Structure formats: structure tokens, C-alpha cells
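Text of query_6.cif (mmCIF, C-alpha atoms and all ligand atoms) as supplied:
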data_model
loop_
_atom_site.label_atom_id
_atom_site.label_comp_id
_atom_site.auth_asym_id
_atom_site.auth_seq_id
_atom_site.Cartn_x
_atom_site.Cartn_y
_atom_site.Cartn_z
CA MET A 1 88.75 35.59 121.02
CA ARG A 2 88.44 36.24 117.28
CA CYS A 3 85.53 38.03 115.66
CA ASP A 4 84.75 39.61 112.31
CA ARG A 5 83.53 43.00 113.44
CA LEU A 6 83.40 44.76 116.76
CA TRP A 7 81.45 47.90 117.67
CA LYS A 8 82.91 49.65 120.70
CA ASP A 9 82.33 52.75 122.74
CA ALA A 10 78.56 52.41 122.27
CA ARG A 11 75.48 52.73 124.43
CA LEU A 12 73.21 49.75 123.94
CA ALA A 13 69.44 49.36 124.17
CA THR A 14 69.54 45.60 123.71
CA MET A 15 65.74 45.24 124.22
CA ALA A 16 66.51 41.91 125.93
CA GLY A 17 64.31 41.07 128.92
CA ASP A 18 61.22 43.19 129.36
CA ALA A 19 62.64 46.72 129.25
CA LEU A 20 65.17 48.61 127.16
CA GLY A 21 68.10 46.49 128.34
CA ILE A 22 70.42 49.47 128.66
CA VAL A 23 74.20 49.09 128.74
CA GLU A 24 75.92 52.47 129.13
CA GLN A 25 79.43 51.45 128.07
CA GLY A 26 78.89 48.66 125.66
CA VAL A 27 80.46 46.57 122.97
CA ILE A 28 79.07 44.20 120.36
CA ALA A 29 81.10 41.52 118.59
CA ALA A 30 79.91 39.65 115.51
CA ALA A 31 81.14 36.54 113.74
CA ASP A 32 79.58 34.89 110.71
CA GLY A 33 76.72 37.40 110.83
CA ARG A 34 75.73 36.49 114.39
CA ILE A 35 76.20 38.23 117.70
CA LEU A 36 79.10 36.69 119.57
CA TYR A 37 79.05 39.09 122.48
CA ALA A 38 76.91 42.05 123.51
CA GLY A 39 77.31 43.75 126.85
CA ALA A 40 79.47 45.86 129.08
CA THR A 41 82.95 46.71 127.82
CA ASP A 42 84.38 45.86 131.23
CA ASP A 43 83.04 42.31 131.15
CA ALA A 44 83.93 41.61 127.53
CA PRO A 45 86.54 39.02 126.62
CA ARG A 46 89.56 40.31 124.72
CA PHE A 47 88.62 40.28 121.06
CA GLU A 48 90.81 40.16 118.02
CA ALA A 49 88.60 41.79 115.43
CA VAL A 50 89.10 41.92 111.69
CA GLU A 51 87.38 45.30 111.81
CA MET A 52 86.93 47.55 114.83
CA ILE A 53 84.29 50.28 114.70
CA GLY A 54 84.29 53.13 117.22
CA CYS A 55 80.79 54.45 117.91
CA ASP A 56 81.64 57.65 119.83
CA GLY A 57 79.02 56.89 122.46
CA ARG A 58 76.17 56.51 119.96
CA TRP A 59 73.12 54.42 120.83
CA ILE A 60 72.68 51.01 119.22
CA THR A 61 69.32 49.23 119.07
CA PRO A 62 68.33 46.03 117.33
CA GLY A 63 67.60 46.57 113.64
CA LEU A 64 63.96 47.67 113.38
CA ILE A 65 61.22 45.26 112.28
CA ASP A 66 58.12 46.34 110.35
CA CYS A 67 55.85 43.35 111.00
CA HIS A 68 52.77 44.39 108.96
CA THR A 69 53.00 45.88 105.48
CA HIS A 70 51.35 45.72 102.08
CA LEU A 71 54.52 47.09 100.48
CA VAL A 72 54.02 45.31 97.16
CA HIS A 73 51.18 46.88 95.15
CA ALA A 74 50.73 48.89 91.98
CA GLY A 75 49.33 52.37 91.62
CA ASP A 76 48.17 54.69 94.35
CA ARG A 77 44.88 55.94 95.74
CA ALA A 78 45.54 59.66 95.96
CA HIS A 79 42.26 60.28 94.17
CA GLU A 80 40.29 58.36 96.79
CA PHE A 81 42.09 60.40 99.38
CA GLU A 82 40.67 63.50 97.72
CA LEU A 83 37.19 61.95 97.75
CA ARG A 84 37.56 61.21 101.44
CA LEU A 85 38.66 64.78 102.07
CA ALA A 86 35.44 65.81 100.36
CA GLY A 87 33.45 63.70 102.80
CA ALA A 88 33.20 60.13 101.43
CA SER A 89 33.94 57.34 103.90
CA TYR A 90 36.40 54.47 103.36
CA GLU A 91 33.55 51.98 103.45
CA GLU A 92 31.47 53.99 100.94
CA ILE A 93 34.39 54.10 98.54
CA ALA A 94 35.00 50.37 98.99
CA ARG A 95 31.35 49.51 98.40
CA ALA A 96 31.34 51.68 95.25
CA GLY A 97 34.07 49.51 93.70
CA GLY A 98 37.02 51.62 94.77
CA GLY A 99 39.21 50.73 97.66
CA ILE A 100 41.10 47.45 97.64
CA VAL A 101 39.55 46.45 94.31
CA SER A 102 41.01 49.48 92.53
CA THR A 103 44.50 48.54 93.73
CA MET A 104 43.72 44.95 92.70
CA LYS A 105 43.13 46.09 89.11
CA ALA A 106 46.41 48.00 88.98
CA THR A 107 48.28 45.10 90.59
CA ARG A 108 46.85 42.54 88.16
CA ALA A 109 47.92 44.75 85.24
CA ALA A 110 51.49 45.11 86.56
CA SER A 111 54.30 42.69 85.72
CA GLU A 112 56.32 41.10 88.50
CA ALA A 113 59.26 43.35 87.58
CA ALA A 114 57.04 46.43 87.73
CA LEU A 115 55.77 45.41 91.16
CA ILE A 116 59.33 45.07 92.41
CA ASP A 117 60.31 48.43 90.93
CA SER A 118 57.39 50.26 92.46
CA ALA A 119 57.92 48.69 95.89
CA LEU A 120 61.63 49.54 96.05
CA PRO A 121 61.30 53.25 96.92
CA ARG A 122 58.97 52.30 99.78
CA LEU A 123 61.32 49.59 100.97
CA ASP A 124 64.29 51.96 100.68
CA ALA A 125 62.51 54.49 102.87
CA LEU A 126 62.09 51.84 105.57
CA ILE A 127 65.67 50.65 105.22
CA ALA A 128 66.95 54.24 105.49
CA GLU A 129 65.43 54.35 108.99
CA GLY A 130 67.11 51.19 110.19
CA VAL A 131 64.59 48.49 109.24
CA THR A 132 66.32 45.14 108.79
CA THR A 133 63.26 42.83 108.70
CA VAL A 134 60.00 43.54 106.91
CA GLU A 135 56.82 41.55 106.47
CA VAL A 136 55.05 41.85 103.10
CA LYS A 137 51.54 40.60 102.36
CA SER A 138 49.87 39.53 99.16
CA GLY A 139 46.18 40.38 98.77
CA TYR A 140 45.94 42.72 95.79
CA GLY A 141 46.13 40.01 93.12
CA LEU A 142 43.21 37.83 94.21
CA THR A 143 43.78 35.27 91.42
CA HIS A 144 46.06 32.26 91.54
CA GLU A 145 48.63 33.83 89.20
CA ASP A 146 48.48 37.33 90.61
CA GLU A 147 48.77 36.30 94.25
CA LEU A 148 51.84 34.21 93.43
CA LYS A 149 53.23 37.09 91.38
CA MET A 150 52.93 39.40 94.39
CA LEU A 151 54.61 36.90 96.69
CA ARG A 152 57.46 36.31 94.24
CA ALA A 153 57.92 40.08 94.00
CA ALA A 154 58.04 40.27 97.80
CA ARG A 155 60.67 37.52 97.98
CA ALA A 156 62.67 39.25 95.24
CA LEU A 157 62.83 42.42 97.34
CA GLY A 158 64.92 40.47 99.84
CA GLU A 159 67.35 39.57 97.07
CA VAL A 160 67.92 43.03 95.71
CA ARG A 161 68.20 44.71 99.10
CA PRO A 162 69.97 43.74 102.35
CA VAL A 163 66.80 43.02 104.31
CA ARG A 164 64.95 39.96 105.63
CA VAL A 165 61.53 39.63 103.99
CA CYS A 166 58.73 37.57 105.57
CA THR A 167 55.87 36.83 103.22
CA THR A 168 52.24 36.54 104.27
CA PHE A 169 49.46 35.09 102.12
CA LEU A 170 46.47 37.45 102.29
CA GLY A 171 44.31 36.03 99.52
CA ALA A 172 41.32 36.65 101.81
CA HIS A 173 41.80 40.43 101.66
CA ALA A 174 38.80 41.34 99.48
CA LEU A 175 36.30 39.52 97.33
CA PRO A 176 37.42 39.72 93.68
CA PRO A 177 34.66 40.76 91.23
CA GLU A 178 34.70 37.32 89.57
CA TYR A 179 33.27 35.88 92.79
CA THR A 180 30.60 38.50 93.52
CA GLY A 181 27.88 36.79 95.56
CA ASP A 182 30.07 33.73 96.15
CA ALA A 183 32.48 34.55 98.95
CA ASP A 184 32.41 30.92 100.12
CA GLY A 185 33.41 29.80 96.63
CA TYR A 186 36.34 32.21 96.72
CA ILE A 187 37.43 30.93 100.15
CA ALA A 188 37.29 27.39 98.76
CA ALA A 189 39.53 28.42 95.84
CA LEU A 190 41.96 30.00 98.30
CA CYS A 191 42.03 26.96 100.60
CA ASP A 192 42.07 24.24 97.95
CA ASP A 193 44.16 25.81 95.22
CA MET A 194 45.87 29.18 95.71
CA LEU A 195 47.27 28.81 99.24
CA PRO A 196 48.56 25.24 98.75
CA ALA A 197 50.22 26.27 95.47
CA ALA A 198 51.83 29.35 97.01
CA ALA A 199 53.00 27.29 99.99
CA LYS A 200 54.40 24.56 97.75
CA ALA A 201 56.40 27.21 95.87
CA GLY A 202 57.93 28.26 99.21
CA LEU A 203 56.31 31.68 99.03
CA VAL A 204 54.35 31.69 102.30
CA ASP A 205 55.67 32.28 105.82
CA ALA A 206 52.23 32.97 107.35
CA VAL A 207 48.55 33.21 106.45
CA ASP A 208 46.39 36.27 107.13
CA ALA A 209 42.80 37.36 106.37
CA PHE A 210 40.74 40.55 106.54
CA CYS A 211 37.99 39.67 109.01
CA GLU A 212 35.54 42.55 108.69
CA GLY A 213 32.03 43.43 107.57
CA ILE A 214 33.55 44.62 104.27
CA GLY A 215 35.95 41.65 104.23
CA PHE A 216 35.38 38.06 105.35
CA SER A 217 33.34 36.56 108.19
CA ALA A 218 34.73 34.75 111.19
CA ALA A 219 33.53 31.44 109.72
CA GLN A 220 35.35 32.12 106.45
CA THR A 221 38.43 33.17 108.37
CA ALA A 222 38.29 29.91 110.33
CA ARG A 223 38.36 27.99 107.06
CA MET A 224 41.50 29.88 106.00
CA PHE A 225 43.07 29.03 109.35
CA ASP A 226 42.20 25.34 108.90
CA ALA A 227 43.84 25.36 105.49
CA ALA A 228 46.93 27.01 107.00
CA ARG A 229 47.08 24.41 109.75
CA ARG A 230 46.94 21.58 107.22
CA LEU A 231 49.99 23.12 105.54
CA GLY A 232 51.80 23.71 108.84
CA LEU A 233 51.74 27.49 108.41
CA PRO A 234 51.29 30.02 111.23
CA VAL A 235 48.37 32.44 111.09
CA LYS A 236 47.69 36.10 111.89
CA LEU A 237 44.65 38.27 111.36
CA HIS A 238 43.38 41.74 110.46
CA ALA A 239 40.84 41.91 113.25
CA GLU A 240 38.49 44.41 114.84
CA GLN A 241 39.63 47.39 112.74
CA LEU A 242 36.21 48.68 111.68
CA SER A 243 33.86 46.40 113.58
CA ASN A 244 33.97 43.62 116.16
CA LEU A 245 33.51 40.19 114.56
CA HIS A 246 35.47 38.56 117.43
CA GLY A 247 38.29 37.84 115.02
CA ALA A 248 40.98 38.37 117.63
CA ARG A 249 39.53 35.64 119.83
CA LEU A 250 39.30 33.29 116.88
CA ALA A 251 42.90 34.11 115.94
CA ALA A 252 44.15 33.60 119.49
CA GLU A 253 42.31 30.30 119.81
CA SER A 254 43.95 29.26 116.55
CA GLY A 255 47.38 30.00 118.05
CA ALA A 256 47.89 33.09 115.89
CA LEU A 257 51.21 34.90 116.01
CA SER A 258 49.38 38.24 116.03
CA ALA A 259 46.05 39.98 115.70
CA ASP A 260 46.37 43.36 114.03
CA HIS A 261 44.56 46.75 114.20
CA LEU A 262 42.21 45.93 117.14
CA GLU A 263 40.46 49.30 117.57
CA HIS A 264 37.19 47.48 118.34
CA LEU A 265 38.72 44.70 120.46
CA ASP A 266 36.71 43.80 123.58
CA ALA A 267 37.66 42.35 126.97
CA ASP A 268 36.90 38.83 125.83
CA GLY A 269 39.28 39.22 122.89
CA ILE A 270 42.00 40.64 125.14
CA ALA A 271 41.69 37.70 127.52
CA ALA A 272 41.91 35.19 124.66
CA MET A 273 45.01 36.91 123.30
CA ALA A 274 46.64 36.97 126.72
CA ARG A 275 45.98 33.24 127.18
CA ALA A 276 47.45 32.38 123.80
CA GLY A 277 50.38 34.81 123.87
CA THR A 278 49.15 36.37 120.64
CA VAL A 279 50.83 39.70 119.86
CA ALA A 280 48.63 42.79 119.45
CA THR A 281 50.00 44.60 116.41
CA LEU A 282 48.80 48.21 116.49
CA LEU A 283 48.76 50.24 113.28
CA PRO A 284 48.55 53.92 114.22
CA GLY A 285 49.20 55.03 110.61
CA ALA A 286 45.87 53.55 109.51
CA PHE A 287 44.13 55.00 112.57
CA TYR A 288 45.53 58.43 111.75
CA PHE A 289 44.96 58.33 108.00
CA THR A 290 41.35 57.16 108.22
CA ARG A 291 40.71 59.65 111.03
CA GLU A 292 39.50 56.83 113.23
CA THR A 293 38.45 57.98 116.66
CA LYS A 294 38.06 54.67 118.47
CA ARG A 295 41.40 53.82 120.00
CA PRO A 296 42.56 50.25 120.56
CA PRO A 297 42.18 49.22 124.23
CA VAL A 298 45.79 49.80 125.18
CA ASP A 299 45.15 49.87 128.94
CA GLY A 300 43.41 46.51 128.75
CA LEU A 301 46.16 44.97 126.63
CA ARG A 302 48.78 46.28 129.02
CA ALA A 303 46.94 45.07 132.12
CA ALA A 304 46.53 41.60 130.60
CA GLY A 305 50.19 41.44 129.60
CA VAL A 306 49.52 41.11 125.88
CA PRO A 307 52.72 41.94 123.96
CA ILE A 308 52.25 45.00 121.74
CA ALA A 309 53.90 45.52 118.35
CA ILE A 310 53.72 48.60 116.10
CA ALA A 311 53.90 48.52 112.31
CA THR A 312 53.36 50.86 109.36
CA ASP A 313 50.60 48.84 107.62
CA CYS A 314 52.09 50.52 104.52
CA ASN A 315 49.26 50.27 101.97
CA PRO A 316 47.81 52.60 99.35
CA GLY A 317 44.33 52.89 100.86
CA THR A 318 44.48 53.42 104.58
CA SER A 319 48.12 53.92 105.52
CA PRO A 320 50.47 55.25 102.84
CA LEU A 321 53.17 55.37 105.50
CA THR A 322 56.79 54.37 104.99
CA SER A 323 58.26 55.55 108.28
CA LEU A 324 58.44 53.18 111.21
CA LEU A 325 59.87 56.01 113.32
CA LEU A 326 56.75 58.06 112.65
CA ALA A 327 54.60 55.01 113.41
CA MET A 328 56.27 54.91 116.84
CA ASN A 329 55.59 58.60 117.37
CA MET A 330 51.95 58.03 116.45
CA GLY A 331 51.80 55.02 118.76
CA ALA A 332 52.89 57.26 121.61
CA THR A 333 50.85 60.34 120.68
CA LEU A 334 47.63 58.73 119.48
CA PHE A 335 47.60 55.50 121.52
CA ARG A 336 49.53 56.76 124.57
CA LEU A 337 52.12 54.03 124.43
CA THR A 338 55.29 54.61 126.43
CA VAL A 339 58.69 55.04 124.78
CA GLU A 340 59.62 51.60 126.02
CA GLU A 341 56.46 50.08 124.54
CA CYS A 342 57.08 51.81 121.21
CA LEU A 343 60.64 50.56 120.99
CA ALA A 344 59.66 47.02 122.03
CA GLY A 345 56.89 47.27 119.45
CA VAL A 346 59.32 47.61 116.54
CA THR A 347 61.94 45.18 117.86
CA ARG A 348 61.28 42.37 120.37
CA ASN A 349 57.50 42.16 119.99
CA ALA A 350 57.58 42.70 116.24
CA ALA A 351 59.93 39.71 115.99
CA ARG A 352 57.47 37.68 118.00
CA ALA A 353 54.62 38.75 115.69
CA LEU A 354 56.60 37.15 112.87
CA GLY A 355 57.58 34.01 114.77
CA LEU A 356 61.23 35.16 114.62
CA SER A 357 61.99 35.65 118.32
CA ARG A 358 64.93 33.27 118.24
CA GLU A 359 66.52 35.03 115.28
CA VAL A 360 65.99 38.79 115.63
CA GLY A 361 64.40 41.53 117.75
CA THR A 362 66.96 41.88 120.55
CA ILE A 363 70.72 42.27 120.77
CA GLU A 364 71.60 38.91 122.29
CA VAL A 365 74.28 36.30 121.74
CA GLY A 366 73.43 33.91 118.92
CA LYS A 367 70.93 36.14 117.15
CA SER A 368 71.45 37.64 113.73
CA CYS A 369 73.65 40.73 114.06
CA ASP A 370 71.02 43.21 112.85
CA LEU A 371 71.66 46.63 114.36
CA ALA A 372 70.70 50.27 114.01
CA ILE A 373 73.20 52.88 115.22
CA TRP A 374 71.66 56.26 116.02
CA ASN A 375 72.71 59.88 116.37
CA VAL A 376 70.57 60.47 119.44
CA GLU A 377 71.30 61.37 123.03
CA ARG A 378 68.63 59.10 124.50
CA PRO A 379 66.35 56.37 123.13
CA ALA A 380 63.24 58.53 123.66
CA GLU A 381 64.39 60.74 120.77
CA LEU A 382 63.62 57.90 118.36
CA VAL A 383 59.97 58.19 119.34
CA TYR A 384 59.85 61.94 119.93
CA ARG A 385 60.94 63.42 116.62
CA MET A 386 58.69 63.71 113.58
CA GLY A 387 60.33 63.59 110.18
CA LEU A 388 63.99 63.64 111.18
CA ASN A 389 65.98 60.52 110.46
CA PRO A 390 68.78 60.14 113.01
CA LEU A 391 70.13 56.84 111.65
CA HIS A 392 73.93 56.78 111.61
CA ALA A 393 74.46 53.24 110.32
CA ARG A 394 72.54 50.06 109.78
CA ILE A 395 73.95 46.57 110.06
CA TRP A 396 72.27 43.48 108.61
CA LYS A 397 73.69 40.02 109.30
CA GLY A 398 76.87 41.58 110.62
CA LEU A 399 77.52 43.72 107.55
N1 LIG A 401 43.26 46.71 106.40
C1 LIG A 401 43.61 47.89 105.96
O1 LIG A 401 43.63 48.89 106.60
C2 LIG A 401 44.05 47.72 104.61
N2 LIG A 401 43.86 46.35 104.37
C3 LIG A 401 43.42 45.82 105.42
O2 LIG A 401 43.22 44.64 105.44
C4 LIG A 401 43.39 48.51 103.58
C5 LIG A 401 43.93 48.14 102.27
C6 LIG A 401 43.46 49.03 101.19
O3 LIG A 401 42.55 49.86 101.37
O4 LIG A 401 44.04 48.90 100.09
FE FE A 402 46.94 45.69 106.76
#
Can you turn what I pasted into C-alpha cells?
Amino acid sequence: MRCDRLWKDARLATMAGDALGIVEQGVIAAADGRILYAGATDDAPRFEAVEMIGCDGRWITPGLIDCHTHLVHAGDRAHEFELRLAGASYEEIARAGGGIVSTMKATRAASEAALIDSALPRLDALIAEGVTTVEVKSGYGLTHEDELKMLRAARALGEVRPVRVCTTFLGAHALPPEYTGDADGYIAALCDDMLPAAAKAGLVDAVDAFCEGIGFSAAQTARMFDAARRLGLPVKLHAEQLSNLHGARLAAESGALSADHLEHLDADGIAAMARAGTVATLLPGAFYFTRETKRPPVDGLRAAGVPIAIATDCNPGTSPLTSLLLAMNMGATLFRLTVEECLAGVTRNAARALGLSREVGTIEVGKSCDLAIWNVERPAELVYRMGLNPLHARIWKGL
């Protein structure tokens, strides 16, 4: 059988099924960017490969997926970090006009080219650790033009780097100053104008909102979800990070791909997510950086069989994190996830959180040949180390 490239003498963690999917003596064949065969060397058909790559027993996992980021934004919030170190809380800073609104001002002032330029080092850091798919949200423009500018910048990232970019419309991230006292008016502008325009321009893969006391109410979130449904777009939600507005239940009942953060999630929310198959995306970087002490209900999620994903939440305010490997370590250390859960969280379940289960997330025949090849002795090392990057090679669409 002919193929373009063949990786041999490898150990595979295919992540297929519900565990690591380990193959001790494995081979992967790719043709036209897709996986043609992945499995035991002994069972493999005889391949005639254009290029044969010996892996010297290295481990291969699916390319990693960061399914929740705010990678595109201008400026930084190091100064607010200093204020927080001096005792101010995130909510105090937000209410005093800092927080998301300060990044909004910088993002509005930046050109599309400047947004791309400033996001590239962050994207490159993710790519250097084997990320092959990344989600990027809008939400720091908060005007028609600036939200579209952010989404175009996000799409452009996928053209200047070998990575799959999924875009999420997060117009309902914060109330822009122009709408002070009129959150419902802003939601109407999002639903009737900004979201349809962004969708029409092909810039939206999913719709998200920040459902919080300092963000938008459940009723306002429901209106965003209705607008998404009218456009045929999937939804996801920032839910239960700082308070419990029952956003996760609302998201699940709206068929959401994921509900994210979830520190304050209750049993009712867990049950709704389990019924709907909504992924719980945990963001340990934000938990760590804000010195949150309330942990998401991991035992309850596990017991209910809710799939768990892990992402960086890379954003300037609450998670200036550009390492998905470190996010896994934090998931294990802070949230007590197992190694298997951490790895599933950045592969199989992250793909599901993006609605991309058929395309990526496991090493299986027919999927995009997105791989990460590692200099590790066992998969647990990927979760165990802090600050060492053991990536040997990264393959995206077979190349
Ligand atoms: N949740 C978060 O943690 C970030 N956004 C969100 O919806 C915070 C974003 C920021 O502070 O800039
Ligand atoms: Fe976020």
C-alpha cells in the first residue's frame, strides 16, 4: 500500500476509546494529510512510503488542542497584577474600570496587523509544545468593527502558521462603556447586528458569553444562544467561574459544546451537562493566577461521566499562560485530575469541546494526521514536568 509518510518504531498513545490507547510497537501511515493506518507494526499492511521516519521508540500522541484561549488581544495587564499583589481583587479592579475594559481600549487602538503580530509569540509558544489546533475568542473589541477585526486577526493566525484555528464570537464578554446602564441594548446590538455580520463573513465557528455577576445574566446569555441558533452556530459558555448563575445548566440545555471554568458548578449543573454530553472545560491557569480556592467539582463530573477538557484560557487578565503542558500539570496538581484525564483533556475531549471529534483529537484512521512526537519515557512525564518542553517533532496535516 502506498502512503506519503510513515512513522515507525514508535510507541503510540492514540487516545482512541476511553483511555490512553497504548500501542507499544506502533506505526502511523499518512496520505493526503490523513491517517491511513495507526496501530501495531505487526498488524500493519506493507507500506511503500515516500518518506519513512524512524522514531527510536519515542512516544507519539495526537497533536495537542487548546480549546479555550483569548490569544488575540493588545497590551498586557502586568500593572493590575501588581495591584492584585498589593491586595486588590479581580472584581474590584474590574469595577474600577480596569480589567477587561482596559484590554478593550488597547485592542480597539490596535490595527489588525498589530493584533496578529502581538498574538504570534503566544501562538508560537503553544505550537512549540505540540499544539496543532487552537481556539481563539473575540471579546476585547466590543464594537462591530473591532470584534470583526479580532476575528479576522484570529483567522489570519491560521494562515501564517501551520495550525488549525477555531474562532469563537465572545461579544458578550464585558459591557462596553458606550452601553453603561443598557446591557440589554448591547445584547440586542450583538444579536441583531454584530454576530450576524461576523457569521456572514465566515468568521464564527461558535458563540460564547461571560455569564457572571460582573458579566451577563443568564437571561442575556439565553438571548445570545437564541441568536446563535438562528444562525446555525454551536454555543459554549464561561460559566460558574466566580459565582453560580446556573449558566452551565442553561448551556447544557441549549446543547452547548462546552461549559468552561465551573468552579462554582452545582450538582444540578453537573446532571444537566451529563444529560447533554456537554464538555466541562477546566482552566487551572485562571484558578492558579487569581488564587481561587474553590475547586471545580471534579469528583462529581467524573462520577456523572461528564467529559473533561483542559485549556490555557490564555488571556491578559486572569491567565497569562501559554503552556498547555503546564496547564495539564496544574490540572493534576490543583484539580487532582489523573494523567489519563489530563491527556484526554488536551486531545480527545478538547476536540469534542470544539465540535471537531471527527477530525482531530485521537490517532485514528481517517482523521487529520496531527501528531506530537515526544522525548519522554512514559506519557505521565508530559503532565509531571514543569517548564521543560520535551517535544521532538510536531506534525500538522501530515507535514
Ligand atoms: N473569564 C476570564 O477568566 C477572562 N475572561 C473571562 O471571560 C478574563 C479576561 C480578562 O480579565 O481580560
Ligand atoms: Fe476565558
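Remark: for Ala106 in chain A, the closest of the candidate residues A:Glu80, A:Glu24, A:Asp146, A:Asp43 is A:Asp146 (distances computed over all atoms listed in the file).
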Cut-off 8 Å, only C-alpha atoms and all ligand atoms, neighbours of ligand FE 402 (chain A) as a PyMOL selection string:
chain A and resi 68-70+238+260-261+313-315
Return as JSON lines the residues of chain A lying at most 6 Å from ligand LIG 401 (chain A), together with the closest atom-to-atom pair for each and the distance in Å to one decimal, counting all atoms listed in the file, with rows in chain order and ascending residue number.
{"residue": "A:Gly99", "atom": "CA", "partner": "A:LIG401", "partner_atom": "O3", "distance": 5.1}
{"residue": "A:Ile100", "atom": "CA", "partner": "A:LIG401", "partner_atom": "O4", "distance": 4.1}
{"residue": "A:His173", "atom": "CA", "partner": "A:LIG401", "partner_atom": "O2", "distance": 5.8}
{"residue": "A:Phe210", "atom": "CA", "partner": "A:LIG401", "partner_atom": "O2", "distance": 4.9}
{"residue": "A:His238", "atom": "CA", "partner": "A:LIG401", "partner_atom": "O2", "distance": 5.8}
{"residue": "A:Ala286", "atom": "CA", "partner": "A:LIG401", "partner_atom": "O1", "distance": 5.9}
{"residue": "A:Asn315", "atom": "CA", "partner": "A:LIG401", "partner_atom": "O4", "distance": 5.7}
{"residue": "A:Pro316", "atom": "CA", "partner": "A:LIG401", "partner_atom": "O4", "distance": 5.3}
{"residue": "A:Gly317", "atom": "CA", "partner": "A:LIG401", "partner_atom": "O3", "distance": 3.6}
{"residue": "A:Thr318", "atom": "CA", "partner": "A:LIG401", "partner_atom": "O1", "distance": 5.0}
So, counting all atoms listed in the file, which residue among A:Arg108, A:Arg336, A:Pro307, A:Thr133 is closest to Pro62 in chain A?
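Smallest distance to Pro62 in chain A is found for A:Thr133.
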As a check of understanding: the span from CA of Ala156 in chain A to CA of Leu203 in chain A is 10.6 Å
Students should find that CA of Gly277 in chain A and CA of Ala13 in chain A are spaced 24.0 Å
Please list as an MDAnalysis selection string every residue within 8 Å of range 296-304 of chain A, counting all atoms listed in the file and excluding residues in the same chain fewer than 4 positions away.
chainID A and resid 261:267 270:271 274 280 282 308 335:337
Separation of CA of Phe216 in chain A from CA of Arg152 in chain A in Å
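CA of Phe216 in chain A lies 24.8 Å from CA of Arg152 in chain A.
Closest approach to Arg394 in chain A among A:Thr281, A:Thr168, A:Ser217, A:Asn375 is made by A:Asn375 (distances from all atoms listed in the file).
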Given all atoms listed in the file as the counted atoms, nearest of A:Arg5, A:Arg95, A:Lys236, A:Arg11 to Asp32 in chain A
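Once distances to Asp32 in chain A are computed over all atoms listed in the file, the minimum belongs to A:Arg5.
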